[in-house]
Each structure stands twice: as structure tokens, then as C-alpha cells.
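Dumped model36.cif below, it's mmCIF, C-alpha atoms:
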data_structure
#
loop_
_atom_site.group_PDB
_atom_site.id
_atom_site.type_symbol
_atom_site.label_atom_id
_atom_site.label_comp_id
_atom_site.auth_asym_id
_atom_site.auth_seq_id
_atom_site.Cartn_x
_atom_site.Cartn_y
_atom_site.Cartn_z
ATOM 1 C CA LYS A 1251 -21.903 -46.594 -3.830
ATOM 2 C CA PHE A 1252 -22.277 -45.930 -0.139
ATOM 3 C CA SER A 1253 -20.514 -48.127 2.392
ATOM 4 C CA LEU A 1254 -20.741 -48.316 6.157
ATOM 5 C CA SER A 1255 -17.289 -46.760 6.510
ATOM 6 C CA ASP A 1256 -18.700 -43.612 4.865
ATOM 7 C CA TYR A 1257 -21.132 -43.295 7.783
ATOM 8 C CA GLU A 1258 -18.702 -41.415 10.018
ATOM 9 C CA GLY A 1259 -19.126 -40.587 13.664
ATOM 10 C CA GLU A 1260 -17.463 -40.669 17.034
ATOM 11 C CA TYR A 1261 -18.201 -42.751 20.095
ATOM 12 C CA SER A 1262 -20.172 -40.806 22.704
ATOM 13 C CA TYR A 1263 -18.352 -41.027 26.021
ATOM 14 C CA LEU A 1264 -21.081 -38.946 27.630
ATOM 15 C CA GLY A 1265 -23.567 -41.698 26.768
ATOM 16 C CA THR A 1266 -21.780 -44.165 29.071
ATOM 17 C CA THR A 1267 -21.923 -41.680 31.940
ATOM 18 C CA LEU A 1268 -25.616 -41.012 31.333
ATOM 19 C CA ARG A 1269 -26.415 -44.743 31.228
ATOM 20 C CA GLN A 1270 -24.777 -45.155 34.649
ATOM 21 C CA ALA A 1271 -27.224 -42.525 35.938
ATOM 22 C CA ASN A 1272 -30.160 -44.504 34.384
ATOM 23 C CA ILE A 1273 -30.672 -41.922 31.623
ATOM 24 C CA GLU A 1274 -30.869 -43.289 28.094
ATOM 25 C CA PRO A 1275 -28.980 -40.913 25.755
ATOM 26 C CA GLN A 1276 -29.455 -40.413 22.027
ATOM 27 C CA PRO A 1277 -27.328 -42.981 20.164
ATOM 28 C CA SER A 1278 -24.109 -41.718 18.660
ATOM 29 C CA LEU A 1279 -23.204 -42.470 15.040
ATOM 30 C CA SER A 1280 -20.725 -45.028 16.326
ATOM 31 C CA ASP A 1281 -23.553 -46.778 18.210
ATOM 32 C CA VAL A 1282 -25.704 -46.777 15.072
ATOM 33 C CA ARG A 1283 -22.874 -48.266 13.001
ATOM 34 C CA ARG A 1284 -22.269 -50.975 15.629
ATOM 35 C CA LEU A 1285 -25.966 -51.901 15.912
ATOM 36 C CA VAL A 1286 -26.454 -51.994 12.143
ATOM 37 C CA THR A 1287 -23.419 -54.265 11.879
ATOM 38 C CA GLU A 1288 -24.664 -56.581 14.643
ATOM 39 C CA PHE A 1289 -28.312 -56.806 13.630
ATOM 40 C CA CYS A 1290 -28.241 -56.339 9.855
ATOM 41 C CA ILE A 1291 -24.877 -56.930 8.214
ATOM 42 C CA LEU A 1292 -23.497 -59.923 10.143
ATOM 43 C CA PRO A 1293 -26.671 -62.070 10.163
ATOM 44 C CA MET A 1294 -27.586 -61.216 6.574
ATOM 45 C CA GLY A 1295 -24.077 -61.408 5.129
ATOM 46 C CA SER A 1296 -23.239 -64.927 6.249
ATOM 47 C CA ALA A 1297 -25.511 -67.950 6.103
ATOM 48 C CA GLU A 1298 -23.632 -69.599 9.002
ATOM 49 C CA ILE A 1299 -24.069 -66.588 11.292
ATOM 50 C CA HIS A 1300 -27.689 -66.251 10.142
ATOM 51 C CA GLU A 1301 -28.415 -69.806 11.310
ATOM 52 C CA LYS A 1302 -26.934 -69.235 14.771
ATOM 53 C CA ALA A 1303 -28.032 -65.631 15.377
ATOM 54 C CA PRO A 1304 -31.508 -64.696 16.602
ATOM 55 C CA LEU A 1305 -33.975 -64.132 13.763
ATOM 56 C CA ILE A 1306 -34.261 -60.436 12.863
ATOM 57 C CA LYS A 1307 -37.141 -59.888 10.444
ATOM 58 C CA SER A 1308 -37.278 -56.097 10.460
ATOM 59 C CA VAL A 1309 -35.384 -53.034 11.621
ATOM 60 C CA LEU A 1310 -36.786 -49.551 12.199
ATOM 61 C CA LEU A 1311 -34.458 -46.678 11.362
ATOM 62 C CA ALA A 1312 -35.968 -43.529 12.833
ATOM 63 C CA GLY A 1313 -34.774 -39.958 12.942
ATOM 64 C CA PRO A 1314 -35.276 -36.504 11.503
ATOM 65 C CA LYS A 1315 -35.172 -35.854 7.779
ATOM 66 C CA GLY A 1316 -31.711 -35.731 6.269
ATOM 67 C CA VAL A 1317 -29.714 -37.713 8.851
ATOM 68 C CA GLY A 1318 -28.909 -40.600 6.504
ATOM 69 C CA LYS A 1319 -31.496 -43.329 7.088
ATOM 70 C CA LYS A 1320 -31.798 -44.187 3.402
ATOM 71 C CA SER A 1321 -28.026 -43.940 2.976
ATOM 72 C CA LEU A 1322 -27.671 -46.424 5.815
ATOM 73 C CA VAL A 1323 -29.999 -48.843 4.004
ATOM 74 C CA HIS A 1324 -27.916 -48.463 0.839
ATOM 75 C CA ALA A 1325 -24.765 -49.075 2.910
ATOM 76 C CA ILE A 1326 -26.274 -52.284 4.321
ATOM 77 C CA CYS A 1327 -27.115 -53.483 0.809
ATOM 78 C CA ASN A 1328 -23.657 -52.587 -0.457
ATOM 79 C CA GLU A 1329 -21.859 -54.338 2.421
ATOM 80 C CA ILE A 1330 -23.716 -57.646 2.062
ATOM 81 C CA GLY A 1331 -24.424 -57.522 -1.678
ATOM 82 C CA ALA A 1332 -28.180 -57.533 -1.104
ATOM 83 C CA ASN A 1333 -30.959 -56.725 -3.526
ATOM 84 C CA LEU A 1334 -33.004 -53.696 -2.511
ATOM 85 C CA PHE A 1335 -36.768 -53.670 -3.010
ATOM 86 C CA ASP A 1336 -38.258 -50.216 -2.442
ATOM 87 C CA LEU A 1337 -41.903 -50.452 -1.368
ATOM 88 C CA THR A 1338 -42.291 -46.772 -0.581
ATOM 89 C CA ALA A 1339 -45.888 -45.605 -1.101
ATOM 90 C CA THR A 1340 -44.839 -42.935 -3.614
ATOM 91 C CA ASN A 1341 -43.133 -45.603 -5.758
ATOM 92 C CA LEU A 1342 -46.299 -47.706 -5.820
ATOM 93 C CA GLN A 1343 -48.600 -44.794 -6.632
ATOM 94 C CA GLY A 1344 -50.926 -45.775 -9.483
ATOM 95 C CA LYS A 1345 -49.329 -49.232 -9.865
ATOM 96 C CA TYR A 1346 -50.819 -52.607 -8.931
ATOM 97 C CA PRO A 1347 -54.408 -51.380 -8.493
ATOM 98 C CA GLY A 1348 -56.889 -53.067 -6.180
ATOM 99 C CA LYS A 1349 -56.437 -55.761 -3.574
ATOM 100 C CA GLU A 1350 -55.456 -58.420 -6.091
ATOM 101 C CA GLY A 1351 -52.742 -56.230 -7.589
ATOM 102 C CA LEU A 1352 -51.339 -55.492 -4.138
ATOM 103 C CA LYS A 1353 -51.355 -59.178 -3.186
ATOM 104 C CA MET A 1354 -49.570 -60.006 -6.433
ATOM 105 C CA LEU A 1355 -46.944 -57.319 -5.736
ATOM 106 C CA MET A 1356 -46.271 -58.615 -2.215
ATOM 107 C CA HIS A 1357 -46.103 -62.187 -3.480
ATOM 108 C CA LEU A 1358 -43.646 -61.247 -6.221
ATOM 109 C CA VAL A 1359 -41.403 -59.142 -3.973
ATOM 110 C CA PHE A 1360 -41.094 -61.807 -1.309
ATOM 111 C CA LYS A 1361 -40.781 -64.657 -3.829
ATOM 112 C CA VAL A 1362 -37.984 -62.893 -5.738
ATOM 113 C CA GLY A 1363 -36.458 -61.761 -2.423
ATOM 114 C CA LYS A 1364 -36.259 -65.380 -1.263
ATOM 115 C CA LEU A 1365 -34.755 -66.512 -4.573
ATOM 116 C CA LEU A 1366 -32.141 -63.737 -4.696
ATOM 117 C CA GLN A 1367 -31.050 -63.748 -1.046
ATOM 118 C CA PRO A 1368 -29.887 -61.675 0.768
ATOM 119 C CA SER A 1369 -32.608 -59.103 0.179
ATOM 120 C CA VAL A 1370 -33.566 -55.844 1.866
ATOM 121 C CA ILE A 1371 -37.082 -54.422 1.578
ATOM 122 C CA LEU A 1372 -37.263 -50.672 2.169
ATOM 123 C CA MET A 1373 -40.416 -48.838 3.185
ATOM 124 C CA ASP A 1374 -39.737 -45.127 3.448
ATOM 125 C CA ASP A 1375 -42.233 -42.966 5.368
ATOM 126 C CA CYS A 1376 -43.878 -46.072 6.850
ATOM 127 C CA GLU A 1377 -45.402 -43.980 9.657
ATOM 128 C CA LYS A 1378 -47.910 -42.663 7.099
ATOM 129 C CA MET A 1379 -49.493 -46.136 7.013
ATOM 130 C CA LEU A 1380 -50.603 -45.784 10.630
ATOM 131 C CA LYS A 1381 -51.985 -42.251 10.511
ATOM 132 C CA LYS A 1382 -55.723 -41.891 11.027
ATOM 133 C CA LYS A 1383 -56.126 -39.082 8.511
ATOM 134 C CA ILE A 1384 -54.087 -38.727 5.361
ATOM 135 C CA PRO A 1385 -54.056 -35.260 3.759
ATOM 136 C CA LYS A 1386 -56.034 -35.049 0.542
ATOM 137 C CA SER A 1387 -52.945 -33.687 -1.189
ATOM 138 C CA ASP A 1388 -51.150 -37.036 -0.628
ATOM 139 C CA LEU A 1389 -52.120 -39.204 -3.594
ATOM 140 C CA SER A 1390 -49.753 -42.086 -2.767
ATOM 141 C CA ASP A 1391 -52.326 -43.948 -0.581
ATOM 142 C CA PRO A 1392 -49.857 -45.181 2.066
ATOM 143 C CA LYS A 1393 -52.502 -47.240 3.901
ATOM 144 C CA ARG A 1394 -52.627 -49.793 1.065
ATOM 145 C CA LEU A 1395 -49.819 -51.875 2.554
ATOM 146 C CA LYS A 1396 -51.073 -51.720 6.147
ATOM 147 C CA LYS A 1397 -52.641 -55.199 6.120
ATOM 148 C CA GLU A 1398 -50.299 -56.904 3.663
ATOM 149 C CA ILE A 1399 -46.933 -56.074 5.261
ATOM 150 C CA PRO A 1400 -47.527 -57.858 8.610
ATOM 151 C CA LYS A 1401 -48.746 -60.962 6.753
ATOM 152 C CA ALA A 1402 -45.656 -60.946 4.554
ATOM 153 C CA ILE A 1403 -43.289 -60.426 7.493
ATOM 154 C CA LYS A 1404 -44.869 -63.372 9.330
ATOM 155 C CA GLY A 1405 -44.101 -65.491 6.266
ATOM 156 C CA ILE A 1406 -40.345 -64.910 6.601
ATOM 157 C CA LYS A 1407 -38.809 -68.140 7.865
ATOM 158 C CA ALA A 1408 -35.573 -68.629 9.819
ATOM 159 C CA GLU A 1409 -33.675 -69.792 6.711
ATOM 160 C CA ASP A 1410 -34.689 -66.712 4.683
ATOM 161 C CA ARG A 1411 -32.159 -63.884 4.578
ATOM 162 C CA ILE A 1412 -34.693 -61.101 4.065
ATOM 163 C CA LEU A 1413 -34.704 -57.909 6.095
#
Rewrite the coordinates I just gave you, this time as C-alpha cells.
Amino acid sequence: KFSLSDYEGEYSYLGTTLRQANIEPQPSLSDVRRLVTEFCILPMGSAEIHEKAPLIKSVLLAGPKGVGKKSLVHAICNEIGANLFDLTATNLQGKYPGKEGLKMLMHLVFKVGKLLQPSVILMDDCEKMLKKKIPKSDLSDPKRLKKEIPKAIKGIKAEDRIL
């Protein structure tokens, strides 16, 4: 199990100085921990806070390979006791064929996610969905979810604790 306390890092004092000079620095690990707590863990972990906080439907964790983005998602799930649904293109390769199969998958994931709240839906390598050309060696067909994901995200209501 991975918890948020395992995501160690110091506060960047240089970042404050750079912000005063109107330069936006790279976030420190302490900043990442604070933002994940504010936007993911607190609203999703408590129904009362979720009702009063602004609605956050999705969060983009970006960075180079190996910095702990997936570990951070597992930490979020561990902290709030959420169910994790992994919709990474490589996991869906060869499963749920055709448009009807994909619609059924999205319906099931969001239906079960709403029943077993809080829920986190992970899409690793989501930038591949937006590429114009996919290499022929990539058999995962990442563009399959390109039209279905925005529709599903729009269907998340204020009372749903799905991220």
C-alpha cells in the first residue's frame, strides 16, 4: 500500500522568490502533496466537504516517466478508500470490441463507480488519444476512448464522488 506520507519532498523556498518575480517555477513535491490533498483527497474523502467544495471532475498528473504519477493515484485511493478503475488503453486491448462494447464498458465503469463511491478512474498515457498518428507497432488503439470519455465526464453530477 502506498500512502501520501510516502510521497516525500521538501517545500521549495526558491519557488516563492520566483513567484514574486512573476516567474512560475516547477512545483515541489510538497506543492504536489498539498494540491492533491486539496483537490482530490479532501473533496472525495468526505461527503460534507464534497457538497461545499467546487466540483472537480478530473485531474491531470503530468511529468516525466518514473516520477510517481501512478503511485500518487494509488496513494489517493488508499487515503480515501476509493475503488480504482484502470482504463489504460493497454488494459483494454482486445477487450470490448466495437462501438457497442466500448459504450457498454463506459456505462459499466461509471455505473459501478457511482454505486461504490468514492471512485477513481485512471487513464495512463492519455496523451496518446490525442495524437494524430499512432505508430503501427502500438496495438492498444488509444483513440477508442477519445469520444466516450468527454461524454462520460459530462455525466458526472455534483453528488457523485468520482474523479
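Pairwise distance (CA of Asp1336 in chain A, CA of Lys1302 in chain A) equals 28.0 Å.
For the pair CA of Ser1280 in chain A and CA of Glu1260 in chain A, the interatomic distance is 5.5 Å.
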Length of the CA of Leu1352 in chain A to CA of Leu1366 in chain A vector [Å]: 20.9 Å
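Look at everything within 7 Å of (-44.4, -51.1, 1.1) using all atoms listed in the file, and the residues you get are Leu1337, Thr1338, Ala1339, Met1373, Leu1395 and Ile1399 of chain A.
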For range 1409-1412 of chain A, list every protein, DNA or RNA residue within 9 Å, evaluated using only C-alpha atoms, and leave out those in the same chain fewer than 4 positions away; present the list as a VMD selection string. chain A and resid 1293 to 1295 1297 1300 to 1301 1306 to 1308 1360 1363 to 1364 1367 to 1371
When you count all atoms listed in the file, which of these residues is closest to Cys1290 in chain A: A:Lys1404, A:Lys1361, A:His1324, A:Arg1269? A:His1324
Could you pull the residues within 12 Å of Asp1374 in chain A, counting all atoms listed in the file, minus those fewer than 3 positions along the same chain, as a PyMOL selection string? chain A and resi 1310-1313+1315+1319-1321+1323+1335-1342+1371+1377-1379+1392
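Among the candidates A:Ala1271, A:Val1359, A:Leu1365, A:Leu1254, the one nearest to Ile1326 in chain A when counting all atoms listed in the file is A:Leu1254.
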So that I can check the surroundings of Gly1265 in chain A, please list as a VMD selection string every protein, DNA and RNA residue that reaches within 9 Å of it, counting only C-alpha atoms and ignoring chain neighbours fewer than 5 positions away. chain A and resid 1270 1273 to 1278
Smallest atom-to-atom distance to His1357 in chain A: which of A:Leu1334, A:Gly1318, A:Gln1343, A:Ile1406, using only C-alpha atoms? A:Ile1406
